[in-house]
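Colleague: Have a peek at coords-v3.txt (compact mmCIF, N, CA and C atoms).
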```txt
# COMPACT_ATOMS: atom_id res chain seq x y z
N MET A 116 42.85 77.76 96.39
CA MET A 116 41.96 77.99 97.51
C MET A 116 40.54 77.76 97.00
N VAL A 117 39.72 77.15 97.83
CA VAL A 117 38.33 76.90 97.48
C VAL A 117 37.44 77.70 98.42
N VAL A 118 36.57 78.50 97.84
CA VAL A 118 35.61 79.29 98.62
C VAL A 118 34.23 78.77 98.22
N GLY A 119 33.61 77.98 99.11
CA GLY A 119 32.35 77.34 98.75
C GLY A 119 32.61 76.41 97.57
N ASP A 120 31.95 76.66 96.45
CA ASP A 120 32.15 75.87 95.24
C ASP A 120 33.07 76.56 94.25
N ILE A 121 33.66 77.69 94.66
CA ILE A 121 34.50 78.47 93.76
C ILE A 121 35.96 78.26 94.12
N SER A 122 36.76 77.92 93.14
CA SER A 122 38.19 77.76 93.36
C SER A 122 38.91 78.98 92.81
N THR A 123 39.77 79.57 93.59
CA THR A 123 40.50 80.76 93.18
C THR A 123 41.93 80.66 93.67
N GLY A 124 42.82 81.37 93.02
CA GLY A 124 44.23 81.33 93.42
C GLY A 124 44.63 82.59 94.15
N THR A 125 45.64 82.45 94.99
CA THR A 125 46.23 83.58 95.69
C THR A 125 47.67 83.20 96.02
N GLU A 126 48.56 84.16 96.04
CA GLU A 126 49.94 83.87 96.39
C GLU A 126 50.11 83.68 97.89
N VAL A 127 49.40 84.51 98.66
CA VAL A 127 49.51 84.46 100.11
C VAL A 127 48.11 84.43 100.70
N LEU A 128 47.86 83.41 101.52
CA LEU A 128 46.59 83.32 102.23
C LEU A 128 46.88 83.54 103.71
N VAL A 129 46.23 84.54 104.28
CA VAL A 129 46.37 84.83 105.70
C VAL A 129 45.04 84.50 106.36
N ILE A 130 45.10 83.66 107.39
CA ILE A 130 43.89 83.29 108.12
C ILE A 130 43.87 84.05 109.43
N GLY A 131 42.89 84.90 109.58
CA GLY A 131 42.73 85.68 110.80
C GLY A 131 43.21 87.10 110.64
N GLY A 132 42.32 88.04 110.92
CA GLY A 132 42.62 89.46 110.76
C GLY A 132 42.99 90.15 112.05
N GLY A 133 43.64 89.42 112.96
CA GLY A 133 44.13 90.02 114.19
C GLY A 133 45.39 90.83 113.91
N PRO A 134 46.08 91.30 114.95
CA PRO A 134 47.24 92.16 114.76
C PRO A 134 48.38 91.52 113.98
N GLY A 135 48.53 90.22 114.08
CA GLY A 135 49.56 89.54 113.28
C GLY A 135 49.10 89.35 111.85
N GLY A 136 47.84 88.96 111.69
CA GLY A 136 47.31 88.66 110.37
C GLY A 136 47.18 89.85 109.47
N TYR A 137 46.56 90.92 109.97
CA TYR A 137 46.35 92.06 109.08
C TYR A 137 47.67 92.76 108.75
N VAL A 138 48.62 92.77 109.69
CA VAL A 138 49.92 93.37 109.40
C VAL A 138 50.67 92.55 108.34
N ALA A 139 50.61 91.22 108.46
CA ALA A 139 51.25 90.36 107.46
C ALA A 139 50.61 90.53 106.09
N ALA A 140 49.29 90.62 106.07
CA ALA A 140 48.58 90.79 104.80
C ALA A 140 48.93 92.14 104.16
N ILE A 141 48.94 93.19 104.95
CA ILE A 141 49.30 94.51 104.42
C ILE A 141 50.72 94.50 103.86
N ARG A 142 51.64 93.91 104.60
CA ARG A 142 53.04 93.87 104.14
C ARG A 142 53.15 93.09 102.84
N GLY A 143 52.44 91.98 102.74
CA GLY A 143 52.44 91.22 101.49
C GLY A 143 51.91 92.06 100.33
N GLY A 144 50.85 92.80 100.58
CA GLY A 144 50.31 93.69 99.55
C GLY A 144 51.30 94.76 99.16
N GLN A 145 52.01 95.32 100.14
CA GLN A 145 53.01 96.35 99.85
C GLN A 145 54.16 95.80 99.00
N LEU A 146 54.42 94.50 99.15
CA LEU A 146 55.48 93.86 98.37
C LEU A 146 55.00 93.42 96.99
N GLY A 147 53.74 93.72 96.68
CA GLY A 147 53.21 93.40 95.35
C GLY A 147 52.67 91.99 95.22
N LEU A 148 52.49 91.29 96.32
CA LEU A 148 51.96 89.93 96.26
C LEU A 148 50.44 89.95 96.22
N ASP A 149 49.87 88.90 95.64
CA ASP A 149 48.42 88.72 95.63
C ASP A 149 48.05 88.10 96.98
N VAL A 150 47.46 88.89 97.85
CA VAL A 150 47.19 88.47 99.23
C VAL A 150 45.69 88.40 99.48
N THR A 151 45.28 87.33 100.15
CA THR A 151 43.89 87.19 100.58
C THR A 151 43.89 87.00 102.09
N LEU A 152 43.07 87.79 102.77
CA LEU A 152 42.92 87.72 104.22
C LEU A 152 41.51 87.23 104.53
N VAL A 153 41.42 86.14 105.29
CA VAL A 153 40.13 85.56 105.66
C VAL A 153 39.91 85.82 107.15
N GLU A 154 38.76 86.42 107.47
CA GLU A 154 38.42 86.73 108.87
C GLU A 154 36.97 86.36 109.12
N ALA A 155 36.72 85.65 110.21
CA ALA A 155 35.36 85.22 110.54
C ALA A 155 34.55 86.31 111.23
N ASP A 156 35.22 87.16 111.98
CA ASP A 156 34.51 88.19 112.73
C ASP A 156 34.91 89.56 112.21
N ALA A 157 35.28 90.46 113.09
CA ALA A 157 35.70 91.80 112.69
C ALA A 157 37.22 91.88 112.65
N TYR A 158 37.75 92.72 111.77
CA TYR A 158 39.19 92.90 111.65
C TYR A 158 39.75 93.55 112.91
N GLY A 159 40.96 93.19 113.24
CA GLY A 159 41.62 93.78 114.40
C GLY A 159 41.86 92.81 115.54
N GLY A 160 41.16 91.69 115.55
CA GLY A 160 41.38 90.68 116.57
C GLY A 160 40.69 90.96 117.89
N THR A 161 40.99 90.12 118.85
CA THR A 161 40.35 90.18 120.16
C THR A 161 40.65 91.49 120.88
N CYS A 162 41.89 91.94 120.85
CA CYS A 162 42.26 93.16 121.58
C CYS A 162 41.44 94.35 121.09
N LEU A 163 41.34 94.50 119.81
CA LEU A 163 40.65 95.66 119.25
C LEU A 163 39.13 95.55 119.43
N ASN A 164 38.58 94.37 119.29
CA ASN A 164 37.13 94.21 119.29
C ASN A 164 36.51 93.90 120.65
N ASP A 165 37.19 93.10 121.46
CA ASP A 165 36.58 92.62 122.70
C ASP A 165 37.40 92.84 123.96
N GLY A 166 38.66 93.18 123.82
CA GLY A 166 39.53 93.21 124.98
C GLY A 166 40.07 94.57 125.32
N CYS A 167 41.30 94.82 124.90
CA CYS A 167 42.06 96.00 125.31
C CYS A 167 41.35 97.32 125.00
N ILE A 168 40.98 97.53 123.77
CA ILE A 168 40.44 98.82 123.37
C ILE A 168 39.09 99.11 124.03
N PRO A 169 38.12 98.18 123.98
CA PRO A 169 36.86 98.47 124.67
C PRO A 169 37.07 98.69 126.17
N SER A 170 37.94 97.88 126.79
CA SER A 170 38.22 98.04 128.22
C SER A 170 38.82 99.40 128.52
N LYS A 171 39.80 99.81 127.72
CA LYS A 171 40.45 101.10 127.95
C LYS A 171 39.47 102.25 127.76
N ALA A 172 38.56 102.13 126.81
CA ALA A 172 37.56 103.18 126.60
C ALA A 172 36.67 103.30 127.84
N LEU A 173 36.21 102.18 128.38
CA LEU A 173 35.35 102.21 129.56
C LEU A 173 36.12 102.70 130.79
N ILE A 174 37.37 102.28 130.93
CA ILE A 174 38.19 102.72 132.05
C ILE A 174 38.44 104.23 131.97
N HIS A 175 38.64 104.74 130.77
CA HIS A 175 38.85 106.18 130.59
C HIS A 175 37.65 106.98 131.12
N VAL A 176 36.45 106.56 130.72
CA VAL A 176 35.25 107.27 131.15
C VAL A 176 35.05 107.13 132.66
N SER A 177 35.34 105.94 133.19
CA SER A 177 35.24 105.76 134.64
C SER A 177 36.18 106.69 135.38
N GLY A 178 37.38 106.87 134.84
CA GLY A 178 38.34 107.80 135.44
C GLY A 178 37.85 109.23 135.41
N LEU A 179 37.23 109.62 134.30
CA LEU A 179 36.67 110.96 134.22
C LEU A 179 35.58 111.16 135.27
N ALA A 180 34.70 110.18 135.39
CA ALA A 180 33.62 110.28 136.37
C ALA A 180 34.19 110.37 137.79
N HIS A 181 35.22 109.61 138.06
CA HIS A 181 35.86 109.64 139.38
C HIS A 181 36.46 111.02 139.65
N GLU A 182 37.15 111.58 138.66
CA GLU A 182 37.76 112.91 138.83
C GLU A 182 36.70 113.97 139.11
N VAL A 183 35.61 113.93 138.36
CA VAL A 183 34.54 114.91 138.54
C VAL A 183 33.97 114.82 139.95
N GLU A 184 33.72 113.61 140.40
CA GLU A 184 33.09 113.43 141.71
C GLU A 184 34.03 113.73 142.87
N HIS A 185 35.33 113.75 142.60
CA HIS A 185 36.30 113.98 143.67
C HIS A 185 37.10 115.27 143.45
N ALA A 186 36.48 116.27 142.85
CA ALA A 186 37.18 117.53 142.55
C ALA A 186 36.77 118.66 143.49
N GLU A 187 36.15 118.33 144.60
CA GLU A 187 35.68 119.35 145.53
C GLU A 187 36.83 120.19 146.09
N SER A 188 38.00 119.58 146.27
CA SER A 188 39.13 120.34 146.82
C SER A 188 39.58 121.45 145.86
N MET A 189 39.19 121.33 144.58
CA MET A 189 39.53 122.36 143.59
C MET A 189 38.37 123.33 143.37
N GLY A 190 37.32 123.17 144.18
CA GLY A 190 36.19 124.06 144.06
C GLY A 190 35.14 123.61 143.06
N LEU A 191 35.27 122.41 142.55
CA LEU A 191 34.29 121.89 141.59
C LEU A 191 33.37 120.92 142.32
N HIS A 192 32.09 121.26 142.33
CA HIS A 192 31.10 120.41 142.97
C HIS A 192 30.19 119.88 141.86
N ALA A 193 30.33 118.60 141.56
CA ALA A 193 29.56 118.02 140.46
C ALA A 193 29.28 116.55 140.75
N ARG A 194 28.31 116.05 140.05
CA ARG A 194 27.96 114.63 140.14
C ARG A 194 27.99 114.07 138.73
N ALA A 195 28.63 112.95 138.58
CA ALA A 195 28.71 112.31 137.26
C ALA A 195 27.58 111.29 137.13
N ASP A 196 26.64 111.58 136.26
CA ASP A 196 25.57 110.63 135.98
C ASP A 196 25.94 109.88 134.71
N VAL A 197 26.12 108.58 134.84
CA VAL A 197 26.57 107.76 133.72
C VAL A 197 25.36 107.19 132.98
N ASP A 198 25.28 107.50 131.71
CA ASP A 198 24.27 106.95 130.81
C ASP A 198 24.89 105.70 130.18
N MET A 199 24.60 104.53 130.72
CA MET A 199 25.25 103.30 130.27
C MET A 199 25.01 103.03 128.79
N GLN A 200 23.81 103.29 128.32
CA GLN A 200 23.52 103.06 126.90
C GLN A 200 24.37 103.99 126.04
N GLY A 201 24.48 105.24 126.44
CA GLY A 201 25.31 106.19 125.71
C GLY A 201 26.78 105.83 125.79
N LEU A 202 27.22 105.39 126.96
CA LEU A 202 28.61 104.99 127.15
C LEU A 202 28.98 103.81 126.26
N VAL A 203 28.12 102.80 126.25
CA VAL A 203 28.38 101.61 125.42
C VAL A 203 28.33 101.98 123.94
N GLY A 204 27.42 102.87 123.57
CA GLY A 204 27.35 103.33 122.18
C GLY A 204 28.62 104.05 121.77
N TRP A 205 29.14 104.90 122.65
CA TRP A 205 30.40 105.60 122.37
C TRP A 205 31.54 104.62 122.22
N LYS A 206 31.62 103.65 123.15
CA LYS A 206 32.68 102.63 123.10
C LYS A 206 32.58 101.82 121.80
N ASP A 207 31.38 101.44 121.41
CA ASP A 207 31.19 100.69 120.16
C ASP A 207 31.61 101.53 118.96
N GLY A 208 31.35 102.84 119.00
CA GLY A 208 31.78 103.73 117.91
C GLY A 208 33.29 103.80 117.79
N VAL A 209 33.98 103.83 118.94
CA VAL A 209 35.44 103.83 118.93
C VAL A 209 35.95 102.55 118.28
N VAL A 210 35.39 101.42 118.68
CA VAL A 210 35.81 100.13 118.13
C VAL A 210 35.52 100.07 116.63
N ASP A 211 34.33 100.50 116.22
CA ASP A 211 33.97 100.49 114.80
C ASP A 211 34.92 101.36 113.97
N GLN A 212 35.29 102.52 114.51
CA GLN A 212 36.20 103.40 113.79
C GLN A 212 37.56 102.72 113.60
N LEU A 213 38.05 102.06 114.63
CA LEU A 213 39.36 101.42 114.53
C LEU A 213 39.34 100.19 113.63
N THR A 214 38.30 99.36 113.74
CA THR A 214 38.22 98.19 112.86
C THR A 214 38.03 98.62 111.41
N GLY A 215 37.27 99.68 111.20
CA GLY A 215 37.12 100.22 109.84
C GLY A 215 38.44 100.72 109.29
N GLY A 216 39.27 101.29 110.16
CA GLY A 216 40.60 101.74 109.74
C GLY A 216 41.48 100.58 109.31
N VAL A 217 41.40 99.47 110.03
CA VAL A 217 42.17 98.28 109.65
C VAL A 217 41.71 97.78 108.28
N GLU A 218 40.41 97.73 108.08
CA GLU A 218 39.86 97.28 106.80
C GLU A 218 40.30 98.20 105.66
N LYS A 219 40.26 99.52 105.88
CA LYS A 219 40.69 100.47 104.85
C LYS A 219 42.17 100.32 104.53
N LEU A 220 43.00 100.11 105.55
CA LEU A 220 44.43 99.90 105.33
C LEU A 220 44.67 98.67 104.48
N CYS A 221 43.95 97.61 104.77
CA CYS A 221 44.09 96.38 103.99
C CYS A 221 43.73 96.63 102.53
N LYS A 222 42.58 97.23 102.30
CA LYS A 222 42.12 97.49 100.94
C LYS A 222 43.07 98.43 100.21
N ALA A 223 43.57 99.45 100.91
CA ALA A 223 44.49 100.41 100.29
C ALA A 223 45.80 99.76 99.86
N ASN A 224 46.13 98.63 100.47
CA ASN A 224 47.36 97.91 100.12
C ASN A 224 47.10 96.69 99.25
N GLY A 225 45.91 96.61 98.66
CA GLY A 225 45.60 95.57 97.69
C GLY A 225 45.27 94.21 98.27
N VAL A 226 44.91 94.15 99.53
CA VAL A 226 44.57 92.88 100.16
C VAL A 226 43.12 92.52 99.83
N ASN A 227 42.91 91.29 99.36
CA ASN A 227 41.57 90.78 99.11
C ASN A 227 41.00 90.31 100.44
N LEU A 228 39.84 90.82 100.81
CA LEU A 228 39.23 90.47 102.10
C LEU A 228 38.08 89.50 101.89
N LEU A 229 38.11 88.40 102.64
CA LEU A 229 37.04 87.42 102.59
C LEU A 229 36.48 87.23 103.99
N SER A 230 35.18 87.24 104.11
CA SER A 230 34.53 86.99 105.39
C SER A 230 34.24 85.50 105.50
N GLY A 231 34.69 84.90 106.57
CA GLY A 231 34.44 83.47 106.78
C GLY A 231 35.56 82.81 107.56
N ARG A 232 35.52 81.49 107.59
CA ARG A 232 36.51 80.70 108.29
C ARG A 232 37.34 79.95 107.26
N ALA A 233 38.59 79.69 107.59
CA ALA A 233 39.47 78.98 106.66
C ALA A 233 40.40 78.07 107.45
N GLU A 234 40.95 77.11 106.76
CA GLU A 234 41.96 76.24 107.34
C GLU A 234 42.86 75.72 106.23
N PHE A 235 44.09 75.43 106.58
CA PHE A 235 45.01 74.84 105.62
C PHE A 235 44.83 73.33 105.67
N VAL A 236 44.68 72.71 104.50
CA VAL A 236 44.50 71.25 104.46
C VAL A 236 45.80 70.52 104.17
N ASP A 237 46.78 71.23 103.58
CA ASP A 237 48.11 70.68 103.37
C ASP A 237 49.08 71.83 103.13
N GLU A 238 50.34 71.50 102.82
CA GLU A 238 51.34 72.56 102.66
C GLU A 238 51.18 73.39 101.38
N HIS A 239 50.26 73.03 100.51
CA HIS A 239 50.04 73.79 99.27
C HIS A 239 48.74 74.56 99.34
```
Show me the file's structure as structure tokens.
Modeller:
Amino acid sequence: MVVGDISTGTEVLVIGGGPGGYVAAIRGGQLGLDVTLVEADAYGGTCLNDGCIPSKALIHVSGLAHEVEHAESMGLHARADVDMQGLVGWKDGVVDQLTGGVEKLCKANGVNLLSGRAEFVDEH
């Protein structure tokens, strides 16, 4: 494998730290293989960073706000004021915690992490 002007060896090269990539890299590390995982963005893939998890976090808070505003039949009279900056900050913290967990799992299983883009040029 060539990283810039540096050539290095690895038994298993995994391109992409999404749910398939990081799980494969961790398993390779657990089996005692020399594994390198290359990721251009954040570990965890689209679902964890931009899709499912951030959406579910925002939907959860929206549901809470809806419940608060519609709880009059239970004797609760309240108004939910949404602080968008605070909400987005909370959502970003959730994502950061989960992506950090993926990174820690990789490191704990001996996976070498490289930031950048990679491609296979041939079968070797």
Colleague: Check range 118-224 of chain A with DSSP on the backbone and list each residue it calls strand (DSSP E), as a list of chain:residue names.
Modeller: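 In range 118-224 of chain A, DSSP puts these residues in strand (DSSP E): A:Val118, A:Ile121, A:Ser122, A:Val127, A:Leu128, A:Val129, A:Ile130, A:Val150, A:Thr151, A:Leu152, A:Val153, A:Glu154.
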Colleague: Kindly give the distance, in Å, that separates atom N of Gly131 in chain A and atom C of Leu202 in chain A, rounded to a single decimal.
Modeller: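 Going from atom N of Gly131 in chain A over to atom C of Leu202 in chain A covers 28.8 Å.
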Colleague: DSSP on the backbone, then: every residue of range 127-204 of chain A marked helix (DSSP H, G or I), written as a PyMOL selection string.
Modeller: chain A and resi 134-145+160-164+167-184+187-189+199-204
Colleague: Counting only N, CA and C atoms, what is within 8 Å of Ala233 in chain A, bar same-chain residues fewer than 6 positions away, as a PyMOL selection string?
Modeller: chain A and resi 129-131+153-155
Colleague: Neighbours of Leu173 in chain A within 6.5 Å (all atoms listed in the file; same-chain residues fewer than 5 positions away dropped), as a PyMOL selection string?
Modeller: chain A and resi 168+178+206
Colleague: Pick from A:Glu126, A:Asp165, A:Glu184, A:Asp149: nearest to Asp211 in chain A, with only C-alpha atoms counted?
Modeller: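 Going through A:Glu126, A:Asp165, A:Glu184, A:Asp149 one by one, the smallest distance to Asp211 in chain A is for A:Asp165.
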Colleague: Do you know which residues are at most 8 Å from Thr151 in chain A counting all atoms listed in the file, after dropping those on the same chain fewer than 4 positions away, and could you put them as a list in words?
Modeller: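 Within the cut-off, the hits are Gly124, Thr125, Glu126, Val127, Leu128, Val129, Ile130, Gly131, Ala140, Gly144, Gly225, Val226, Asn227, Leu228 and Leu229 of chain A.
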Colleague: Atom C of Met199 in chain A and atom N of Lys171 in chain A are how many Å apart?
Modeller: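 Pair atom C of Met199 in chain A / atom N of Lys171 in chain A returns 15.2 Å.
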Colleague: Between atom C of Asp237 in chain A and atom N of Gly136 in chain A, what is the distance in Å, rounded to a tenth?
Modeller: 19.2 Å
Colleague: Using only C-alpha atoms and a cutoff of 12 Å, can you tell me which residues are near (40.6, 91.3, 111.4) in the file's coordinates, and write them out as a VMD selection string?
Modeller: chain A and resid 129 to 141 152 to 164 211 213 to 221 228 to 232
Colleague: Generate a file of the selected residues that holds N, CA and C atoms, formatted as a tab-separated table (two decimals), in the coordinates of the input.
Modeller:
```tsv
chain	number	residue	atom	x	y	z
A	129	VAL	N	46.23	84.54	104.28
A	129	VAL	CA	46.37	84.83	105.70
A	129	VAL	C	45.04	84.50	106.36
A	130	ILE	N	45.10	83.66	107.39
A	130	ILE	CA	43.89	83.29	108.12
A	130	ILE	C	43.87	84.05	109.43
A	131	GLY	N	42.89	84.90	109.58
A	131	GLY	CA	42.73	85.68	110.80
A	131	GLY	C	43.21	87.10	110.64
A	132	GLY	N	42.32	88.04	110.92
A	132	GLY	CA	42.62	89.46	110.76
A	132	GLY	C	42.99	90.15	112.05
A	133	GLY	N	43.64	89.42	112.96
A	133	GLY	CA	44.13	90.02	114.19
A	133	GLY	C	45.39	90.83	113.91
A	134	PRO	N	46.08	91.30	114.95
A	134	PRO	CA	47.24	92.16	114.76
A	134	PRO	C	48.38	91.52	113.98
A	135	GLY	N	48.53	90.22	114.08
A	135	GLY	CA	49.56	89.54	113.28
A	135	GLY	C	49.10	89.35	111.85
A	136	GLY	N	47.84	88.96	111.69
A	136	GLY	CA	47.31	88.66	110.37
A	136	GLY	C	47.18	89.85	109.47
A	137	TYR	N	46.56	90.92	109.97
A	137	TYR	CA	46.35	92.06	109.08
A	137	TYR	C	47.67	92.76	108.75
A	138	VAL	N	48.62	92.77	109.69
A	138	VAL	CA	49.92	93.37	109.40
A	138	VAL	C	50.67	92.55	108.34
A	139	ALA	N	50.61	91.22	108.46
A	139	ALA	CA	51.25	90.36	107.46
A	139	ALA	C	50.61	90.53	106.09
A	140	ALA	N	49.29	90.62	106.07
A	140	ALA	CA	48.58	90.79	104.80
A	140	ALA	C	48.93	92.14	104.16
A	141	ILE	N	48.94	93.19	104.95
A	141	ILE	CA	49.30	94.51	104.42
A	141	ILE	C	50.72	94.50	103.86
A	152	LEU	N	43.07	87.79	102.77
A	152	LEU	CA	42.92	87.72	104.22
A	152	LEU	C	41.51	87.23	104.53
A	153	VAL	N	41.42	86.14	105.29
A	153	VAL	CA	40.13	85.56	105.66
A	153	VAL	C	39.91	85.82	107.15
A	154	GLU	N	38.76	86.42	107.47
A	154	GLU	CA	38.42	86.73	108.87
A	154	GLU	C	36.97	86.36	109.12
A	155	ALA	N	36.72	85.65	110.21
A	155	ALA	CA	35.36	85.22	110.54
A	155	ALA	C	34.55	86.31	111.23
A	156	ASP	N	35.22	87.16	111.98
A	156	ASP	CA	34.51	88.19	112.73
A	156	ASP	C	34.91	89.56	112.21
A	157	ALA	N	35.28	90.46	113.09
A	157	ALA	CA	35.70	91.80	112.69
A	157	ALA	C	37.22	91.88	112.65
A	158	TYR	N	37.75	92.72	111.77
A	158	TYR	CA	39.19	92.90	111.65
A	158	TYR	C	39.75	93.55	112.91
A	159	GLY	N	40.96	93.19	113.24
A	159	GLY	CA	41.62	93.78	114.40
A	159	GLY	C	41.86	92.81	115.54
A	160	GLY	N	41.16	91.69	115.55
A	160	GLY	CA	41.38	90.68	116.57
A	160	GLY	C	40.69	90.96	117.89
A	161	THR	N	40.99	90.12	118.85
A	161	THR	CA	40.35	90.18	120.16
A	161	THR	C	40.65	91.49	120.88
A	162	CYS	N	41.89	91.94	120.85
A	162	CYS	CA	42.26	93.16	121.58
A	162	CYS	C	41.44	94.35	121.09
A	163	LEU	N	41.34	94.50	119.81
A	163	LEU	CA	40.65	95.66	119.25
A	163	LEU	C	39.13	95.55	119.43
A	164	ASN	N	38.58	94.37	119.29
A	164	ASN	CA	37.13	94.21	119.29
A	164	ASN	C	36.51	93.90	120.65
A	211	ASP	N	34.33	100.50	116.22
A	211	ASP	CA	33.97	100.49	114.80
A	211	ASP	C	34.92	101.36	113.97
A	213	LEU	N	38.05	102.06	114.63
A	213	LEU	CA	39.36	101.42	114.53
A	213	LEU	C	39.34	100.19	113.63
A	214	THR	N	38.30	99.36	113.74
A	214	THR	CA	38.22	98.19	112.86
A	214	THR	C	38.03	98.62	111.41
A	215	GLY	N	37.27	99.68	111.20
A	215	GLY	CA	37.12	100.22	109.84
A	215	GLY	C	38.44	100.72	109.29
A	216	GLY	N	39.27	101.29	110.16
A	216	GLY	CA	40.60	101.74	109.74
A	216	GLY	C	41.48	100.58	109.31
A	217	VAL	N	41.40	99.47	110.03
A	217	VAL	CA	42.17	98.28	109.65
A	217	VAL	C	41.71	97.78	108.28
A	218	GLU	N	40.41	97.73	108.08
A	218	GLU	CA	39.86	97.28	106.80
A	218	GLU	C	40.30	98.20	105.66
A	219	LYS	N	40.26	99.52	105.88
A	219	LYS	CA	40.69	100.47	104.85
A	219	LYS	C	42.17	100.32	104.53
A	220	LEU	N	43.00	100.11	105.55
A	220	LEU	CA	44.43	99.90	105.33
A	220	LEU	C	44.67	98.67	104.48
A	221	CYS	N	43.95	97.61	104.77
A	221	CYS	CA	44.09	96.38	103.99
A	221	CYS	C	43.73	96.63	102.53
A	228	LEU	N	39.84	90.82	100.81
A	228	LEU	CA	39.23	90.47	102.10
A	228	LEU	C	38.08	89.50	101.89
A	229	LEU	N	38.11	88.40	102.64
A	229	LEU	CA	37.04	87.42	102.59
A	229	LEU	C	36.48	87.23	103.99
A	230	SER	N	35.18	87.24	104.11
A	230	SER	CA	34.53	86.99	105.39
A	230	SER	C	34.24	85.50	105.50
A	231	GLY	N	34.69	84.90	106.57
A	231	GLY	CA	34.44	83.47	106.78
A	231	GLY	C	35.56	82.81	107.56
A	232	ARG	N	35.52	81.49	107.59
A	232	ARG	CA	36.51	80.70	108.29
A	232	ARG	C	37.34	79.95	107.26
```
Colleague: Just the residues within 7 Å of Ala193 in chain A, please, counting only N, CA and C atoms, with nothing from its chain fewer than 6 positions along; format it as a list of chain:residue names.
Modeller: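 With the cut-off at 7 Å, the set is A:Val183, A:Glu184, A:His185, A:Ala186, A:Glu187.
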Colleague: Which centre and edge lengths in Å to one decimal define the box along x, y and z that fits every listed atom of range 172-191 of chain A plus 5 Å per side, as AutoDock Vina command-line options?
Modeller:
```
--center_x 36.3 --center_y 113.1 --center_z 136.7 --size_x 16.5 --size_y 31.9 --size_z 30.2
```
